Amino acid sequence: MLVRQLGEIIKKRRKELKITQPYLAELAEISTNSLYKLECGQEQKYKFDIKYFLVLFFALFFSAISFSQSRRNFEVSKNLDIYSSLLRELDLFYVDTVQIDKIVKSSIDKMLAELDPYTTYIPENETNDLRFMTTGEYGGVGSVITARKDGSIIFSEPYEGMPADKAGIKAGDILLEVDGIKLNGKSTVEVSQMLRGQPGTVVKVKFQHYGDTKYVIKEFTREKIQINPVAYYGIVGENTGYISLTQFTDKAVDEVKKAMLDLKKKHQITSLILDLRDNPGGIIDEAVKIANLFLPKSQLIVSTKGKVRQWDSEYRCANEPVDAEIPLVVLINGNSASASEIVAGAVQDLDRGVLVGARTFGKGLVQSTRELSYKAYLKVTTAKYYTPSGRCIQSVDYSHRNEDSIPKNEVGEYKTRGGRLVTDGGGITPDVEISDNRKISITYYLYAENMISEFASEYVRKHKKIASPEEFELSDADYEDFKQFLKNNNFAYKLKSTELLKRLKELAEIEGYGEIASEDFNALEKTLSPNIEKDVELFKKDIVQLLGEEIVKRYYYQKGAIRYQLRNDTELEKALEILNDKERYDNFLKI
């Protein structure tokens with residue numbers, strides 16, 4: 001039966017490939033008949049015909065590959081020619097002047113969006129951003145900038161010890177001009193590009209300190225700005241070390257190792273918490289090296305598999321670990337992605353530590369950068385990540401990523417080294433899940449409308465210094481000042497549900513139900529109308545936390561803000577609870 005089926009396959013392939021060569025056509029007929037008669041037991045008469053079959057099989061196989069590749073090459077060439085002709089015709093005949101660079105960039109972006117969110121085109125003027133993602137370095141003045149509601153651009157977070165900070169820039173200061181160019185109507189991306197440049201070059205900035213009417217002009221000498229991937233490390237609890245890693249740049253393992261050794265030497269830590277929450281990932285080699293700090297030499301950490309099999313790789317530990325025994329908890333959440341998931345997945349699969357938090361993002365796609373013409377780049381997805389147990393990190397459906405989007409029949413079950421059950425289908429699920437029950441409330445709108453930041457700037461004007469991050473408290477009087485600040489600034493917001501209700505009412509009118517449902521709509525509209533005075537009291541705890549973080553950051557920079565955050569950190573408290581109970585910790589790592 002098998003040879004009969006093979007013969008039918010040959011016949012089918014002959015039609016698909018439109019074989020016209022006489023010898024192949026004849027060979028196909030002879031081989032099919034021979035296979036049929038072999039199956040019927042007539043081996044003697046046709047004993048040599050099987051050779052024809054083998055020759056034909058391989059001829060058709062390689063012809064199929066060649067034909068398919070030629071067809072694809074033709075399709076690529078044809079569509080490139082169409083696109084080139086279309087651009088020329090637009091440029092010649094469109095009624096207005098066509099901004100070629102802009103529409104080409106837009107068309108490329110839309111084309112790549114059909115594939116996945118991570119395959120992107122990087123034109124020459126954005127290559128600095130690519131360099132920053134991999135090295136954490138750029139040339140500039142050293143400050144985050146953001147746009148206010150009125151369109152003005154402000155310094156929102158000067159980095160400690162960088163040119164902006166050394167020049168006396170404070171968060172909230174307003175940018176007016178860069179090198180004599182007014183910034184009216186410019187985006188933060190455009191202003192950022194103006195501020196960046198080669199280290200050692202000078203940029204002249206005109207700005208206003210928050211609350212002042214006079215402007216200041218200063219020259220900044222750009223420096224190489226390197227963001228330390230370890231935002232903070234220190235002691236939490238009695239003998240537990242804590243390391244916050246914010247990105248996997250090419251300095252990540254050096255900084256984590258340095259922090260780890262310092263904690264072991266100075267504080268004799270007996271356990272460790274590695275915080276990967278909100279860490280979007282980065283370089284795969286750094287993820288492997290960081291896992292290697294806790295796992296033995298030669299251990300498989302992650303593998304990649306893609307279309308080009310020659311590029312499939314296994315990444316293993318190259319060195320002896322710094323500490324393969326210290327009790328370890330890794331904190332993760334929905335914004336932990338890519339390299340963060342590689343580390344978390346390896347720690348879990350190899351029963352090396354306990355994961356605490358929320359399911360990770362599920363970004364298990366590998367990107368490689370390919371150089372294009374005119375110094376542009378294509379960042380293209382080439383493979384997927386797989387943890388040591390064999391599960392894929394990538395979410396089944398990254399375009400609609402949530403817990404309900406993973407069909408149960410598409411979730412695979414795997415075993416850790418010790419036999420614990422783990423699953424794939426969407427990121428890494430922690431051993432201890434802590435759900436975030438917070439909803440989008442007034443706190444979201446306060447933050448989005450810059451009310452938190454603006455009030456912090458007001459607070460700094462009135463207070464030259466504050467208590468340490470571990471001791472600072474926003475008083476009730478301060479909170480009353482904040483409520484008055486909202487009134488003075490006419491703060492108001494509309495719920496997203498209110499906007500949807502408005503659209504629903506319009507559709508109901510079109511469909512003839514507007515008058516019938518008017519009472520219901522009015523009642524629902526009244527229910528959904530925000531009550532600011534009520535909401536600022538109802539969500540006071542969350543608002544005070546946000547205000548405290550922003551204020552502390554103005555005095556103690558990012559490290560201070562993290563120290564303040566750790567005071568009310570549910571995941572951290574759970575991690576300490578587990579690490580302080582050895583029997584409970586060990587039980588998590590058993591079946």
# chains A, B, ... in the order shown; residues from 1 in each chain; ligands from 1
$ residues_around --residues "A:Ile145" --least-positions-apart "5" --cutoff "6 Å" --atoms "only C-alpha atoms" --output "tab-separated table (two decimals) with N, CA and C atoms, in the first residue's frame"
chain	number	residue	atom	x	y	z
A	154	ILE	N	8.72	69.31	28.85
A	154	ILE	CA	9.39	69.54	30.14
A	154	ILE	C	10.45	68.47	30.40
A	155	PHE	N	11.43	68.85	31.21
A	155	PHE	CA	12.35	67.86	31.78
A	155	PHE	C	11.58	67.15	32.89
A	156	SER	N	11.34	65.85	32.74
A	156	SER	CA	10.55	65.15	33.76
A	156	SER	C	11.38	64.32	34.73
$ closest_atom_pairs --of "stretch 374-455 of chain A" --to "stretch 271-293 of chain A" --cutoff "12 Å" --atoms "only C-alpha atoms" --output "CSV"
residue,atom,partner,partner_atom,distance
A:Lys384,CA,A:Ile284,CA,11.9
A:Tyr385,CA,A:Ile284,CA,9.8
A:Thr387,CA,A:Val288,CA,11.3
A:Pro388,CA,A:Val288,CA,11.8
$ residues_around --residues "stretch 522-536 of chain A" --least-positions-apart "2" --cutoff "10 Å" --atoms "only C-alpha atoms" --output "PyMOL selection string"
chain A and resi 441-443+446+479+482-483+486-487+491-498+501-502+505+517-520+538-544
$ select_by_dssp --residues "stretch 229-306 of chain A" --states "strand (DSSP E or B)" --output "list of chain:residue names"
A:Val230, A:Ala231, A:Tyr232, A:Tyr233, A:Gly234, A:Ile235, A:Val236, A:Thr240, A:Gly241, A:Tyr242, A:Ile243, A:Ser244, A:Leu245, A:Phe248, A:Ser271, A:Leu272, A:Ile273, A:Leu274, A:Asp275, A:Gly282, A:Leu300, A:Ile301, A:Val302, A:Ser303, A:Thr304, A:Lys305, A:Gly306
$ write_last_selection --atoms "N, CA and C atoms" --output "PDB file, in the first residue's frame"
ATOM      1  N   VAL A 230      20.981  47.961  36.632  1.00  0.00           N
ATOM      2  CA  VAL A 230      20.593  47.681  38.023  1.00  0.00           C
ATOM      3  C   VAL A 230      20.182  49.014  38.644  1.00  0.00           C
ATOM      4  N   ALA A 231      18.874  49.224  38.713  1.00  0.00           N
ATOM      5  CA  ALA A 231      18.360  50.505  39.199  1.00  0.00           C
ATOM      6  C   ALA A 231      18.642  50.691  40.684  1.00  0.00           C
ATOM      7  N   TYR A 232      18.638  49.580  41.433  1.00  0.00           N
ATOM      8  CA  TYR A 232      18.863  49.663  42.885  1.00  0.00           C
ATOM      9  C   TYR A 232      19.157  48.269  43.421  1.00  0.00           C
ATOM     10  N   TYR A 233      20.023  48.209  44.420  1.00  0.00           N
ATOM     11  CA  TYR A 233      20.183  46.961  45.180  1.00  0.00           C
ATOM     12  C   TYR A 233      20.444  47.308  46.635  1.00  0.00           C
ATOM     13  N   GLY A 234      20.020  46.412  47.515  1.00  0.00           N
ATOM     14  CA  GLY A 234      20.190  46.655  48.948  1.00  0.00           C
ATOM     15  C   GLY A 234      19.632  45.501  49.755  1.00  0.00           C
ATOM     16  N   ILE A 235      19.437  45.759  51.049  1.00  0.00           N
ATOM     17  CA  ILE A 235      18.928  44.749  51.976  1.00  0.00           C
ATOM     18  C   ILE A 235      17.453  44.991  52.241  1.00  0.00           C
ATOM     19  N   VAL A 236      16.662  43.932  52.172  1.00  0.00           N
ATOM     20  CA  VAL A 236      15.252  43.979  52.568  1.00  0.00           C
ATOM     21  C   VAL A 236      15.061  42.892  53.615  1.00  0.00           C
ATOM     22  N   THR A 240      18.129  39.363  53.628  1.00  0.00           N
ATOM     23  CA  THR A 240      17.776  39.094  52.229  1.00  0.00           C
ATOM     24  C   THR A 240      18.256  40.220  51.331  1.00  0.00           C
ATOM     25  N   GLY A 241      18.975  39.863  50.295  1.00  0.00           N
ATOM     26  CA  GLY A 241      19.427  40.834  49.314  1.00  0.00           C
ATOM     27  C   GLY A 241      18.334  41.087  48.289  1.00  0.00           C
ATOM     28  N   TYR A 242      18.339  42.285  47.726  1.00  0.00           N
ATOM     29  CA  TYR A 242      17.344  42.660  46.714  1.00  0.00           C
ATOM     30  C   TYR A 242      18.060  43.360  45.570  1.00  0.00           C
ATOM     31  N   ILE A 243      17.813  42.898  44.328  1.00  0.00           N
ATOM     32  CA  ILE A 243      18.401  43.514  43.134  1.00  0.00           C
ATOM     33  C   ILE A 243      17.290  43.803  42.140  1.00  0.00           C
ATOM     34  N   SER A 244      17.175  45.071  41.740  1.00  0.00           N
ATOM     35  CA  SER A 244      16.185  45.472  40.734  1.00  0.00           C
ATOM     36  C   SER A 244      16.892  45.633  39.397  1.00  0.00           C
ATOM     37  N   LEU A 245      16.568  44.752  38.458  1.00  0.00           N
ATOM     38  CA  LEU A 245      17.173  44.795  37.121  1.00  0.00           C
ATOM     39  C   LEU A 245      16.122  45.298  36.136  1.00  0.00           C
ATOM     40  N   PHE A 248      18.093  44.322  30.005  1.00  0.00           N
ATOM     41  CA  PHE A 248      19.202  43.425  29.717  1.00  0.00           C
ATOM     42  C   PHE A 248      20.088  44.048  28.645  1.00  0.00           C
ATOM     43  N   SER A 271      19.719  34.943  51.547  1.00  0.00           N
ATOM     44  CA  SER A 271      18.755  34.692  50.476  1.00  0.00           C
ATOM     45  C   SER A 271      18.738  35.914  49.572  1.00  0.00           C
ATOM     46  N   LEU A 272      18.124  35.761  48.376  1.00  0.00           N
ATOM     47  CA  LEU A 272      18.178  36.836  47.398  1.00  0.00           C
ATOM     48  C   LEU A 272      16.853  36.956  46.636  1.00  0.00           C
ATOM     49  N   ILE A 273      16.459  38.202  46.350  1.00  0.00           N
ATOM     50  CA  ILE A 273      15.298  38.492  45.509  1.00  0.00           C
ATOM     51  C   ILE A 273      15.789  39.231  44.273  1.00  0.00           C
ATOM     52  N   LEU A 274      15.518  38.662  43.099  1.00  0.00           N
ATOM     53  CA  LEU A 274      15.844  39.308  41.832  1.00  0.00           C
ATOM     54  C   LEU A 274      14.547  39.845  41.251  1.00  0.00           C
ATOM     55  N   ASP A 275      14.453  41.156  41.110  1.00  0.00           N
ATOM     56  CA  ASP A 275      13.219  41.812  40.666  1.00  0.00           C
ATOM     57  C   ASP A 275      13.284  42.082  39.162  1.00  0.00           C
ATOM     58  N   GLY A 282      15.910  42.359  26.448  1.00  0.00           N
ATOM     59  CA  GLY A 282      17.125  42.886  25.841  1.00  0.00           C
ATOM     60  C   GLY A 282      17.936  41.778  25.203  1.00  0.00           C
ATOM     61  N   LEU A 300      21.815  23.941  30.048  1.00  0.00           N
ATOM     62  CA  LEU A 300      21.005  24.574  29.002  1.00  0.00           C
ATOM     63  C   LEU A 300      20.060  25.593  29.642  1.00  0.00           C
ATOM     64  N   ILE A 301      20.056  26.810  29.102  1.00  0.00           N
ATOM     65  CA  ILE A 301      19.193  27.873  29.617  1.00  0.00           C
ATOM     66  C   ILE A 301      18.028  28.145  28.677  1.00  0.00           C
ATOM     67  N   VAL A 302      18.319  28.227  27.392  1.00  0.00           N
ATOM     68  CA  VAL A 302      17.260  28.505  26.420  1.00  0.00           C
ATOM     69  C   VAL A 302      17.716  28.010  25.057  1.00  0.00           C
ATOM     70  N   SER A 303      16.764  27.648  24.213  1.00  0.00           N
ATOM     71  CA  SER A 303      17.075  27.283  22.832  1.00  0.00           C
ATOM     72  C   SER A 303      16.187  28.102  21.907  1.00  0.00           C
ATOM     73  N   THR A 304      16.639  28.276  20.670  1.00  0.00           N
ATOM     74  CA  THR A 304      15.858  29.017  19.684  1.00  0.00           C
ATOM     75  C   THR A 304      15.634  28.134  18.461  1.00  0.00           C
ATOM     76  N   LYS A 305      14.438  28.243  17.901  1.00  0.00           N
ATOM     77  CA  LYS A 305      14.092  27.479  16.701  1.00  0.00           C
ATOM     78  C   LYS A 305      13.344  28.390  15.741  1.00  0.00           C
ATOM     79  N   GLY A 306      13.753  28.350  14.463  1.00  0.00           N
ATOM     80  CA  GLY A 306      13.114  29.202  13.467  1.00  0.00           C
ATOM     81  C   GLY A 306      13.037  28.539  12.111  1.00  0.00           C
TER      82      GLY A 306
END
$ residues_around --residues "A:Leu176" --least-positions-apart "2" --cutoff "6 Å" --atoms "only C-alpha atoms" --output "ChimeraX atom specification"
/A:183,206-207
$ write_last_selection --atoms "C-alpha atoms" --output "mmCIF file, in the first residue's frame"
data_model
loop_
_atom_site.group_PDB
_atom_site.id
_atom_site.type_symbol
_atom_site.label_atom_id
_atom_site.label_comp_id
_atom_site.auth_asym_id
_atom_site.auth_seq_id
_atom_site.Cartn_x
_atom_site.Cartn_y
_atom_site.Cartn_z
ATOM 1 C CA LEU A 183 9.985 73.994 20.242
ATOM 2 C CA LYS A 206 16.658 77.896 26.673
ATOM 3 C CA PHE A 207 14.316 76.913 29.515
#
$ residues_around --residues "stretch 322-327 of chain A" --least-positions-apart "2" --cutoff "10 Å" --atoms "only C-alpha atoms" --output "MDAnalysis selection string"
chainID A and resid 240 257 260:261 264 269:273 290 292:296 319:320 329 352:354 578:580 582 585:586
$ write_last_selection --atoms "C-alpha atoms" --output "mmCIF file, in the first residue's frame"
data_model
loop_
_atom_site.group_PDB
_atom_site.id
_atom_site.type_symbol
_atom_site.label_atom_id
_atom_site.label_comp_id
_atom_site.auth_asym_id
_atom_site.auth_seq_id
_atom_site.Cartn_x
_atom_site.Cartn_y
_atom_site.Cartn_z
ATOM 1 C CA THR A 240 17.776 39.094 52.229
ATOM 2 C CA LYS A 257 27.249 40.212 39.600
ATOM 3 C CA MET A 260 25.413 40.240 44.265
ATOM 4 C CA LEU A 261 29.037 40.042 45.410
ATOM 5 C CA LYS A 264 27.327 38.782 50.010
ATOM 6 C CA ILE A 269 22.974 37.762 52.823
ATOM 7 C CA THR A 270 21.347 34.351 53.269
ATOM 8 C CA SER A 271 18.755 34.692 50.476
ATOM 9 C CA LEU A 272 18.178 36.836 47.398
ATOM 10 C CA ILE A 273 15.298 38.492 45.509
ATOM 11 C CA ILE A 290 22.608 36.207 34.500
ATOM 12 C CA ASN A 292 24.506 31.378 34.958
ATOM 13 C CA LEU A 293 25.089 33.349 38.178
ATOM 14 C CA PHE A 294 22.774 30.828 39.857
ATOM 15 C CA LEU A 295 23.074 27.730 37.646
ATOM 16 C CA PRO A 296 25.978 25.343 36.905
ATOM 17 C CA ASN A 319 31.063 29.655 33.622
ATOM 18 C CA GLU A 320 30.879 28.383 37.156
ATOM 19 C CA VAL A 329 12.918 34.356 44.520
ATOM 20 C CA ARG A 352 16.437 26.743 41.119
ATOM 21 C CA GLY A 353 14.084 29.230 42.771
ATOM 22 C CA VAL A 354 10.505 30.361 43.303
ATOM 23 C CA ILE A 578 8.567 32.453 51.567
ATOM 24 C CA LEU A 579 12.303 32.971 52.032
ATOM 25 C CA ASN A 580 11.926 33.272 55.804
ATOM 26 C CA LYS A 582 12.815 27.268 54.654
ATOM 27 C CA TYR A 585 10.466 27.406 50.234
ATOM 28 C CA ASP A 586 11.647 23.824 49.749
#
$ residues_around --residues "A:Asp481" --least-positions-apart "5" --cutoff "12 Å" --atoms "only C-alpha atoms" --output "PyMOL selection string"
chain A and resi 455-456+458-459+462+474-476+486-488
$ atom_distance --atom1 "atom CA of A:Lys559" --atom2 "atom CA of A:Tyr159"
10.6 Å
$ atom_distance --atom1 "atom CA of A:Glu549" --atom2 "atom CA of A:Val141"
23.5 Å
$ select_by_dssp --residues "stretch 147-262 of chain A" --states "helix (DSSP H, G or I)" --output "VMD selection string"
chain A and resid 163 to 166 188 to 195 252 to 262
$ write_last_selection --atoms "N, CA and C atoms" --output "JSON list (two decimals), in the first residue's frame"
[["chain", "number", "residue", "atom", "x", "y", "z"],
["A", 163, "PRO", "N", 24.68, 65.77, 32.76],
["A", 163, "PRO", "CA", 24.77, 67.21, 32.45],
["A", 163, "PRO", "C", 23.57, 68.03, 32.88],
["A", 164, "ALA", "N", 22.36, 67.57, 32.63],
["A", 164, "ALA", "CA", 21.17, 68.34, 33.02],
["A", 164, "ALA", "C", 21.11, 68.52, 34.52],
["A", 165, "ASP", "N", 21.39, 67.46, 35.26],
["A", 165, "ASP", "CA", 21.36, 67.51, 36.73],
["A", 165, "ASP", "C", 22.45, 68.46, 37.25],
["A", 166, "LYS", "N", 23.64, 68.34, 36.68],
["A", 166, "LYS", "CA", 24.76, 69.19, 37.12],
["A", 166, "LYS", "C", 24.51, 70.66, 36.80],
["A", 188, "THR", "N", 7.98, 65.08, 21.48],
["A", 188, "THR", "CA", 9.08, 64.69, 22.37],
["A", 188, "THR", "C", 10.17, 63.94, 21.59],
["A", 189, "VAL", "N", 9.77, 63.18, 20.56],
["A", 189, "VAL", "CA", 10.75, 62.46, 19.75],
["A", 189, "VAL", "C", 11.66, 63.45, 19.02],
["A", 190, "GLU", "N", 11.07, 64.49, 18.45],
["A", 190, "GLU", "CA", 11.85, 65.50, 17.72],
["A", 190, "GLU", "C", 12.78, 66.24, 18.66],
["A", 191, "VAL", "N", 12.28, 66.62, 19.83],
["A", 191, "VAL", "CA", 13.11, 67.37, 20.80],
["A", 191, "VAL", "C", 14.23, 66.47, 21.33],
["A", 192, "SER", "N", 13.92, 65.22, 21.56],
["A", 192, "SER", "CA", 14.93, 64.27, 22.03],
["A", 192, "SER", "C", 16.08, 64.16, 21.03],
["A", 193, "GLN", "N", 15.74, 64.08, 19.74],
["A", 193, "GLN", "CA", 16.78, 64.00, 18.70],
["A", 193, "GLN", "C", 17.62, 65.27, 18.66],
["A", 194, "MET", "N", 17.01, 66.41, 18.97],
["A", 194, "MET", "CA", 17.75, 67.68, 18.98],
["A", 194, "MET", "C", 18.73, 67.73, 20.16],
["A", 195, "LEU", "N", 18.34, 67.15, 21.27],
["A", 195, "LEU", "CA", 19.19, 67.18, 22.47],
["A", 195, "LEU", "C", 20.33, 66.17, 22.40],
["A", 252, "ALA", "N", 24.52, 44.30, 31.76],
["A", 252, "ALA", "CA", 23.61, 43.78, 32.78],
["A", 252, "ALA", "C", 24.28, 42.76, 33.70],
["A", 253, "VAL", "N", 24.93, 41.75, 33.15],
["A", 253, "VAL", "CA", 25.50, 40.70, 34.00],
["A", 253, "VAL", "C", 26.60, 41.25, 34.89],
["A", 254, "ASP", "N", 27.40, 42.19, 34.38],
["A", 254, "ASP", "CA", 28.46, 42.78, 35.19],
["A", 254, "ASP", "C", 27.88, 43.51, 36.40],
["A", 255, "GLU", "N", 26.80, 44.26, 36.18],
["A", 255, "GLU", "CA", 26.20, 45.03, 37.26],
["A", 255, "GLU", "C", 25.48, 44.13, 38.26],
["A", 256, "VAL", "N", 24.79, 43.09, 37.78],
["A", 256, "VAL", "CA", 24.11, 42.16, 38.70],
["A", 256, "VAL", "C", 25.14, 41.40, 39.53],
["A", 257, "LYS", "N", 26.19, 40.95, 38.88],
["A", 257, "LYS", "CA", 27.25, 40.21, 39.60],
["A", 257, "LYS", "C", 27.90, 41.10, 40.65],
["A", 258, "LYS", "N", 28.18, 42.34, 40.26],
["A", 258, "LYS", "CA", 28.79, 43.30, 41.19],
["A", 258, "LYS", "C", 27.89, 43.50, 42.41],
["A", 259, "ALA", "N", 26.58, 43.70, 42.16],
["A", 259, "ALA", "CA", 25.63, 43.90, 43.26],
["A", 259, "ALA", "C", 25.56, 42.66, 44.15],
["A", 260, "MET", "N", 25.53, 41.50, 43.52],
["A", 260, "MET", "CA", 25.41, 40.24, 44.27],
["A", 260, "MET", "C", 26.62, 40.02, 45.17],
["A", 261, "LEU", "N", 27.82, 40.24, 44.62],
["A", 261, "LEU", "CA", 29.04, 40.04, 45.41],
["A", 261, "LEU", "C", 29.13, 41.06, 46.55],
["A", 262, "ASP", "N", 28.69, 42.28, 46.28],
["A", 262, "ASP", "CA", 28.70, 43.32, 47.32],
["A", 262, "ASP", "C", 27.75, 42.96, 48.46]]
